[in-house]
Structures are given as structure tokens and as C-alpha cells.
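**Q** structure-v3.cif (mmCIF, C-alpha atoms and all ligand atoms) pasted underneath:
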data_work
loop_
_atom_site.group_PDB
_atom_site.id
_atom_site.type_symbol
_atom_site.label_atom_id
_atom_site.label_comp_id
_atom_site.auth_asym_id
_atom_site.auth_seq_id
_atom_site.Cartn_x
_atom_site.Cartn_y
_atom_site.Cartn_z
ATOM 1 C CA MET A 244 82.887 143.898 67.013
ATOM 2 C CA ALA A 245 79.580 143.977 68.876
ATOM 3 C CA LYS A 246 79.600 143.982 72.670
ATOM 4 C CA SER A 247 77.835 140.584 72.832
ATOM 5 C CA GLU A 248 80.399 139.068 70.432
ATOM 6 C CA ARG A 249 83.234 140.411 72.592
ATOM 7 C CA ARG A 250 81.558 138.923 75.672
ATOM 8 C CA ASN A 251 81.165 135.532 73.957
ATOM 9 C CA LEU A 252 84.814 135.587 72.850
ATOM 10 C CA SER A 253 85.972 136.451 76.340
ATOM 11 C CA PHE A 254 83.828 133.641 77.788
ATOM 12 C CA ALA A 255 85.212 131.191 75.203
ATOM 13 C CA PHE A 256 88.776 132.257 76.077
ATOM 14 C CA ARG A 257 88.226 131.870 79.815
ATOM 15 C CA PHE A 258 86.537 128.486 79.328
ATOM 16 C CA SER A 259 89.438 127.250 77.122
ATOM 17 C CA LEU A 260 91.934 128.419 79.752
ATOM 18 C CA PHE A 261 89.976 126.600 82.466
ATOM 19 C CA ALA A 262 89.772 123.413 80.341
ATOM 20 C CA PHE A 263 93.511 123.664 79.600
ATOM 21 C CA LYS A 264 94.340 124.034 83.304
ATOM 22 C CA ILE A 265 92.201 121.000 84.190
ATOM 23 C CA PHE A 266 93.816 119.017 81.355
ATOM 24 C CA CYS A 267 97.330 119.893 82.585
ATOM 25 C CA MET A 268 96.440 119.062 86.171
ATOM 26 C CA THR A 269 94.876 115.710 85.177
ATOM 27 C CA ASP A 270 97.997 114.975 83.156
ATOM 28 C CA ARG A 271 100.164 115.728 86.176
ATOM 29 C CA VAL A 272 98.114 113.403 88.400
ATOM 30 C CA ASN A 273 98.379 110.612 85.827
ATOM 31 C CA ASP A 274 102.152 111.185 85.660
ATOM 32 C CA LEU A 275 102.407 111.002 89.453
ATOM 33 C CA TRP A 276 100.206 107.921 89.656
ATOM 34 C CA PRO A 277 100.532 105.405 86.795
ATOM 35 C CA GLU A 278 98.930 102.969 89.297
ATOM 36 C CA LEU A 279 95.553 104.714 88.730
ATOM 37 C CA MET A 280 95.244 102.469 85.677
ATOM 38 C CA TRP A 281 95.077 99.431 88.000
ATOM 39 C CA ILE A 282 91.592 100.593 89.137
ATOM 40 C CA ASN A 283 89.171 98.825 86.811
ATOM 41 C CA ASP A 284 86.036 100.854 87.631
ATOM 42 C CA PRO A 285 86.341 104.068 85.549
ATOM 43 C CA ASP A 286 84.116 106.022 87.950
ATOM 44 C CA LEU A 287 86.248 105.129 90.975
ATOM 45 C CA ARG A 288 89.449 105.801 88.992
ATOM 46 C CA GLU A 289 88.155 109.258 88.038
ATOM 47 C CA LYS A 290 87.128 110.111 91.628
ATOM 48 C CA THR A 291 90.482 108.922 92.967
ATOM 49 C CA ALA A 292 92.350 111.085 90.439
ATOM 50 C CA ALA A 293 90.023 114.033 91.160
ATOM 51 C CA THR A 294 90.889 113.806 94.878
ATOM 52 C CA TRP A 295 94.589 114.148 94.060
ATOM 53 C CA GLU A 296 93.819 117.047 91.706
ATOM 54 C CA LEU A 297 91.907 118.816 94.465
ATOM 55 C CA ALA A 298 94.727 118.226 96.963
ATOM 56 C CA LEU A 299 97.311 119.613 94.533
ATOM 57 C CA GLN A 300 95.170 122.693 93.956
ATOM 58 C CA LYS A 301 95.000 123.342 97.717
ATOM 59 C CA SER A 302 98.606 122.399 98.534
ATOM 60 C CA VAL A 303 101.770 124.486 98.668
ATOM 61 C CA LEU A 304 103.539 121.425 97.240
ATOM 62 C CA THR A 305 103.964 120.748 93.524
ATOM 63 C CA PRO A 306 104.345 117.345 91.861
ATOM 64 C CA GLU A 307 108.065 118.178 91.544
ATOM 65 C CA ASP A 308 108.247 118.689 95.341
ATOM 66 C CA LEU A 309 106.534 115.338 95.906
ATOM 67 C CA ASN A 310 109.251 113.590 93.937
ATOM 68 C CA LYS A 311 111.896 115.382 96.000
ATOM 69 C CA ILE A 312 110.830 115.823 99.637
ATOM 70 C CA PRO A 313 111.426 112.920 102.084
ATOM 71 C CA PHE A 314 108.355 110.755 102.688
ATOM 72 C CA THR A 315 108.441 111.223 106.445
ATOM 73 C CA LEU A 316 109.708 113.828 108.863
ATOM 74 C CA LEU A 317 110.228 111.122 111.534
ATOM 75 C CA ALA A 318 113.241 109.256 110.117
ATOM 76 C CA GLY A 319 115.970 111.817 110.567
ATOM 77 C CA PRO A 320 117.510 114.419 108.266
ATOM 78 C CA ASP A 321 119.445 111.929 106.091
ATOM 79 C CA LEU A 322 116.411 110.120 104.679
ATOM 80 C CA LYS A 323 116.592 110.181 100.867
ATOM 81 C CA VAL A 324 113.441 108.224 99.956
ATOM 82 C CA SER A 325 110.972 110.624 98.355
ATOM 83 C CA PHE A 326 107.314 111.089 99.209
ATOM 84 C CA MET A 327 106.192 109.589 95.888
ATOM 85 C CA ALA A 328 108.618 106.646 96.054
ATOM 86 C CA HIS A 329 107.130 105.623 99.401
ATOM 87 C CA LYS A 330 103.487 106.250 98.449
ATOM 88 C CA ARG A 331 103.830 104.253 95.236
ATOM 89 C CA CYS A 332 105.664 101.432 97.026
ATOM 90 C CA VAL A 333 102.746 101.122 99.470
ATOM 91 C CA VAL A 334 100.324 100.734 96.551
ATOM 92 C CA HIS A 335 102.532 98.069 94.941
ATOM 93 C CA VAL A 336 102.939 96.116 98.204
ATOM 94 C CA ALA A 337 99.180 96.367 98.910
ATOM 95 C CA ARG A 338 98.263 95.145 95.417
ATOM 96 C CA ASP A 339 100.651 92.182 95.587
ATOM 97 C CA ALA A 340 99.374 91.296 99.074
ATOM 98 C CA GLY A 341 95.721 91.580 97.950
ATOM 99 C CA ASN A 342 96.354 89.343 94.945
ATOM 100 C CA LYS A 343 98.067 86.705 97.112
ATOM 101 C CA MET A 344 95.239 86.783 99.660
ATOM 102 C CA ASN A 345 92.668 86.341 96.891
ATOM 103 C CA GLU A 346 94.742 83.479 95.489
ATOM 104 C CA PHE A 347 94.843 81.626 98.818
ATOM 105 C CA PHE A 348 91.665 82.746 100.652
ATOM 106 C CA ARG A 349 89.303 83.970 97.914
ATOM 107 C CA ASP A 350 86.156 82.315 99.351
ATOM 108 C CA ASP A 351 86.984 82.986 103.008
ATOM 109 C CA LEU A 352 88.444 86.492 102.882
ATOM 110 C CA PRO A 353 87.788 88.134 99.508
ATOM 111 C CA VAL A 354 89.706 91.341 98.817
ATOM 112 C CA ASN A 355 88.071 93.982 96.635
ATOM 113 C CA MET A 356 91.065 95.003 94.512
ATOM 114 C CA ASP A 357 89.555 98.259 93.207
ATOM 115 C CA VAL A 358 88.719 99.432 96.729
ATOM 116 C CA LEU A 359 92.160 98.316 97.945
ATOM 117 C CA ILE A 360 94.111 100.121 95.205
ATOM 118 C CA ALA A 361 92.037 103.323 95.389
ATOM 119 C CA GLY A 362 92.424 103.353 99.181
ATOM 120 C CA ALA A 363 96.177 102.816 98.960
ATOM 121 C CA ILE A 364 96.532 105.629 96.406
ATOM 122 C CA LEU A 365 94.497 107.967 98.624
ATOM 123 C CA ALA A 366 95.862 106.963 102.046
ATOM 124 C CA ASP A 367 98.256 109.907 102.300
ATOM 125 C CA VAL A 368 96.581 112.418 99.974
ATOM 126 C CA GLY A 369 95.756 114.560 103.033
ATOM 127 C CA LYS A 370 99.481 115.039 103.649
ATOM 128 C CA LEU A 371 99.414 117.591 100.852
ATOM 129 C CA LEU A 372 97.492 119.819 103.261
ATOM 130 C CA GLU A 373 99.637 118.857 106.242
ATOM 131 C CA TYR A 374 102.888 120.319 104.957
ATOM 132 C CA GLU A 375 104.136 123.868 104.749
ATOM 133 C CA MET A 376 107.392 124.905 103.094
ATOM 134 C CA LYS A 377 109.891 126.668 105.362
ATOM 135 C CA ASP A 378 113.330 127.709 104.047
ATOM 136 C CA GLY A 379 112.937 125.230 101.163
ATOM 137 C CA LYS A 380 112.114 122.345 103.537
ATOM 138 C CA SER A 381 108.764 120.644 104.185
ATOM 139 C CA VAL A 382 107.472 120.975 107.748
ATOM 140 C CA GLN A 383 104.135 120.211 109.417
ATOM 141 C CA GLY A 384 101.907 123.302 109.479
ATOM 142 C CA MET A 385 99.190 124.290 111.941
ATOM 143 C CA TYR A 386 96.420 122.807 109.762
ATOM 144 C CA GLY A 387 98.245 119.464 109.833
ATOM 145 C CA LYS A 388 98.625 119.662 113.597
ATOM 146 C CA PHE A 389 94.890 120.186 114.043
ATOM 147 C CA LEU A 390 93.822 117.730 111.337
ATOM 148 C CA ARG A 391 96.240 114.932 110.558
ATOM 149 C CA HIS A 392 96.111 113.494 107.066
ATOM 150 C CA PRO A 393 93.679 110.625 107.783
ATOM 151 C CA PHE A 394 91.077 113.327 108.575
ATOM 152 C CA SER A 395 91.936 115.796 105.813
ATOM 153 C CA GLY A 396 92.269 112.897 103.362
ATOM 154 C CA VAL A 397 88.697 111.774 104.059
ATOM 155 C CA SER A 398 87.483 115.349 103.671
ATOM 156 C CA LEU A 399 89.161 115.686 100.251
ATOM 157 C CA ALA A 400 87.959 112.261 99.092
ATOM 158 C CA GLU A 401 84.356 112.867 100.150
ATOM 159 C CA GLN A 402 84.301 116.169 98.266
ATOM 160 C CA CYS A 403 85.149 114.142 95.149
ATOM 161 C CA GLY A 404 82.463 111.483 95.724
ATOM 162 C CA VAL A 405 84.845 108.683 96.752
ATOM 163 C CA PRO A 406 82.750 105.859 98.293
ATOM 164 C CA ALA A 407 82.764 105.131 102.041
ATOM 165 C CA ALA A 408 84.613 101.798 101.732
ATOM 166 C CA VAL A 409 87.590 103.668 100.255
ATOM 167 C CA CYS A 410 87.344 106.628 102.672
ATOM 168 C CA HIS A 411 87.423 104.032 105.478
ATOM 169 C CA ILE A 412 90.903 102.973 104.317
ATOM 170 C CA VAL A 413 92.101 106.603 104.334
ATOM 171 C CA ALA A 414 90.590 107.118 107.801
ATOM 172 C CA THR A 415 92.074 103.960 109.358
ATOM 173 C CA HIS A 416 95.423 103.450 107.613
ATOM 174 C CA ALA A 417 97.439 105.092 110.427
ATOM 175 C CA GLY A 418 97.434 104.868 114.232
ATOM 176 C CA GLU A 419 93.998 106.515 114.505
ATOM 177 C CA GLY A 420 92.554 103.380 112.878
ATOM 178 C CA ASP A 421 93.655 101.230 115.837
ATOM 179 C CA MET A 422 90.569 102.550 117.649
ATOM 180 C CA VAL A 423 88.061 100.978 115.218
ATOM 181 C CA LYS A 424 87.430 97.744 113.317
ATOM 182 C CA ARG A 425 89.209 97.680 109.952
ATOM 183 C CA THR A 426 88.009 96.029 106.742
ATOM 184 C CA VAL A 427 90.348 93.501 105.146
ATOM 185 C CA GLU A 428 91.389 96.109 102.544
ATOM 186 C CA ALA A 429 92.149 98.633 105.322
ATOM 187 C CA TYR A 430 94.277 96.042 107.180
ATOM 188 C CA ILE A 431 96.335 95.453 104.037
ATOM 189 C CA VAL A 432 96.971 99.160 103.406
ATOM 190 C CA HIS A 433 97.763 99.750 107.090
ATOM 191 C CA HIS A 434 100.398 97.007 107.123
ATOM 192 C CA ALA A 435 101.795 97.888 103.683
ATOM 193 C CA ASP A 436 102.260 101.443 104.957
ATOM 194 C CA PHE A 437 103.843 100.527 108.280
ATOM 195 C CA MET A 438 106.108 97.744 107.013
ATOM 196 C CA THR A 439 107.638 100.227 104.575
ATOM 197 C CA PHE A 440 107.939 102.986 107.182
ATOM 198 C CA GLU A 441 108.925 101.516 110.552
ATOM 199 C CA PRO A 442 112.287 100.037 109.481
ATOM 200 C CA PHE A 443 113.290 103.484 108.226
ATOM 201 C CA ARG A 444 112.469 104.965 111.603
ATOM 202 C CA GLU A 445 114.105 102.252 113.697
ATOM 203 C CA ARG A 446 115.530 98.791 113.059
ATOM 204 C CA LEU A 447 118.024 96.302 114.399
ATOM 205 C CA LYS A 448 121.237 96.582 112.429
HETATM 206 FE FE FE B 1 99.748 108.081 106.386
#
Just give me the structure as C-alpha cells.

**A**
Amino acid sequence: MAKSERRNLSFAFRFSLFAFKIFCMTDRVNDLWPELMWINDPDLREKTAATWELALQKSVLTPEDLNKIPFTLLAGPDLKVSFMAHKRCVVHVARDAGNKMNEFFRDDLPVNMDVLIAGAILADVGKLLEYEMKDGKSVQGMYGKFLRHPFSGVSLAEQCGVPAAVCHIVATHAGEGDMVKRTVEAYIVHHADFMTFEPFRERLK
């Protein structure tokens, strides 16, 4: 076989391997997030999925870990609710709330459902960079201490071309967002997140 043929074959093999890896990763993101299909705009759906792909590539956590580790480190050692169960619940609560607000206030306070759902899916994507694994348990690493997930989430999303209105939701969904004005979509995600978190941390029994 000629040298150029060998080179072409090797390039074709490496390209196929790369394409296969991307295909598997995309498949894993779609498995993690069936809610991606609720985003009507295909471009926004693709950029939202790409942000999760990028986070998974950079993270020590696997999709299997995300279905296993507790969603917060602030609700004690007995918390059983997984990271993905909480993240998906927030998206479901946000979508239902957005639909109800459009039903009752459409002309006065319209909610952009694509922006809302993409923002809810991406709100905690930066947490994939916040965690480190120690003795089989997820703990906050130094990167996460310097840059909490609203910051790292925006960085990941911007690298994937996610529009500013969606990055705004990522940036403001947590306590940091109390310092700025939120859009209506950001308010919904913020409350959907906190109403499904605070009672785990502390509630009247
Ligand atoms: Fe968060």
C-alpha cells in the first residue's frame, strides 16, 4: 500500500472514531435530557445539548454519576434525591409555570418558552465543573470555590453559542442573581430551583 493511501486510511479511521465519540456523547446527553425535545428552535436545542456535551467532556463526573450523586451537598448526608432527578424536576416545574403564566397573562407578561426551557436545562450545567470525586463521593473542588456554577455555566454556554437571554438565566438563577434585574424567564427558573431545594435543606415538620 502506498504511503499516501496509508495516510488517507489512518485519517479516515481517526475521523470515524471522532464521529463515533461525538455520536455516543450526543446520545448520552439526549438520554440524560429527554426535555431537550421541548425546545422548538432546532438551533437553540443543538446549542443547549452541545453545552452539556462540553461540560461532560470537561467533568470528572459521568452520566451514571449524575443519576447517582445527591443533587446538593447542603442537605445532609442522608439525601437520596439524585442530581438528575432534581435538575429535571426544575425544568418540569418551570415549563408548567411558564405555560400557566402564558395562559393567564400572555399579553401582559409573555414567557418565551424556548428561552425558559433552555435556561432551566442549563442552569446547573456548570456544576459539572464544580465537583471533584473524593473517596467515591462528590465534593466541591477548588475550581468550584473560585467560580461557582452560575459563572462556569455561562462560560460553557457562551462557548457553544447559546444566546444572551438564556445565559442570563444561568447567570441569575441562584443567589448571585439577587444583585441584578431578572427577566420573567429567569424569575421562573430561580423560583422553580429554590422551591424544590429549600424544603430539602430546612422545613417545618
Ligand atoms: Fe444552581

**Q** Determine the residue membership of the PyMOL selection byres (((not hetatm)) within 6 of (chain B and resi 1)) for the file above and supply it as a PDB file with C-alpha atoms, in the coordinates of the input.

**A**
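part.pdb, freshly written:
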ATOM      1  CA  ALA A 366      95.862 106.963 102.046  1.00  0.00           C
ATOM      2  CA  ASP A 367      98.256 109.907 102.300  1.00  0.00           C
ATOM      3  CA  ALA A 417      97.439 105.092 110.427  1.00  0.00           C
TER       4      ALA A 417
END

**Q** Excluding same-chain residues fewer than 6 positions from His433 in chain A, what lies within 12 Å of it counting all atoms listed in the file, as a PyMOL selection string?

**A** chain A and resi 333-334+336-337+340+359+362-363+366-367+393+411-421+425-427+439-441

**Q** Would you output that residue set with C-alpha atoms, as a PDB file, keeping the file's coordinate frame?

**A**
ATOM      1  CA  VAL A 333     102.746 101.122  99.470  1.00  0.00           C
ATOM      2  CA  VAL A 334     100.324 100.734  96.551  1.00  0.00           C
ATOM      3  CA  VAL A 336     102.939  96.116  98.204  1.00  0.00           C
ATOM      4  CA  ALA A 337      99.180  96.367  98.910  1.00  0.00           C
ATOM      5  CA  ALA A 340      99.374  91.296  99.074  1.00  0.00           C
ATOM      6  CA  LEU A 359      92.160  98.316  97.945  1.00  0.00           C
ATOM      7  CA  GLY A 362      92.424 103.353  99.181  1.00  0.00           C
ATOM      8  CA  ALA A 363      96.177 102.816  98.960  1.00  0.00           C
ATOM      9  CA  ALA A 366      95.862 106.963 102.046  1.00  0.00           C
ATOM     10  CA  ASP A 367      98.256 109.907 102.300  1.00  0.00           C
ATOM     11  CA  PRO A 393      93.679 110.625 107.783  1.00  0.00           C
ATOM     12  CA  HIS A 411      87.423 104.032 105.478  1.00  0.00           C
ATOM     13  CA  ILE A 412      90.903 102.973 104.317  1.00  0.00           C
ATOM     14  CA  VAL A 413      92.101 106.603 104.334  1.00  0.00           C
ATOM     15  CA  ALA A 414      90.590 107.118 107.801  1.00  0.00           C
ATOM     16  CA  THR A 415      92.074 103.960 109.358  1.00  0.00           C
ATOM     17  CA  HIS A 416      95.423 103.450 107.613  1.00  0.00           C
ATOM     18  CA  ALA A 417      97.439 105.092 110.427  1.00  0.00           C
ATOM     19  CA  GLY A 418      97.434 104.868 114.232  1.00  0.00           C
ATOM     20  CA  GLU A 419      93.998 106.515 114.505  1.00  0.00           C
ATOM     21  CA  GLY A 420      92.554 103.380 112.878  1.00  0.00           C
ATOM     22  CA  ASP A 421      93.655 101.230 115.837  1.00  0.00           C
ATOM     23  CA  ARG A 425      89.209  97.680 109.952  1.00  0.00           C
ATOM     24  CA  THR A 426      88.009  96.029 106.742  1.00  0.00           C
ATOM     25  CA  VAL A 427      90.348  93.501 105.146  1.00  0.00           C
ATOM     26  CA  THR A 439     107.638 100.227 104.575  1.00  0.00           C
ATOM     27  CA  PHE A 440     107.939 102.986 107.182  1.00  0.00           C
ATOM     28  CA  GLU A 441     108.925 101.516 110.552  1.00  0.00           C
TER      29      GLU A 441
END

**Q** How many Å lie between CA of Leu309 in chain A and CA of Val405 in chain A, rounded to one decimal?

**A**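 Going from CA of Leu309 in chain A over to CA of Val405 in chain A, I get 22.7 Å.
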
**Q** Show which residues sit within 10 Å of Leu316 in chain A, as a PyMOL selection string. Count all atoms listed in the file, and ignore same-chain residues fewer than 3 positions away.

**A** chain A and resi 312-313+319-320+322+381-383+444

**Q** If you count only C-alpha atoms, which residues fall within 12 Å of Lys388 in chain A, apart from same-chain ones fewer than 6 positions away, as an NGL selection string?

**A** :A and (370 or 372-375 or 382 or 394-395)
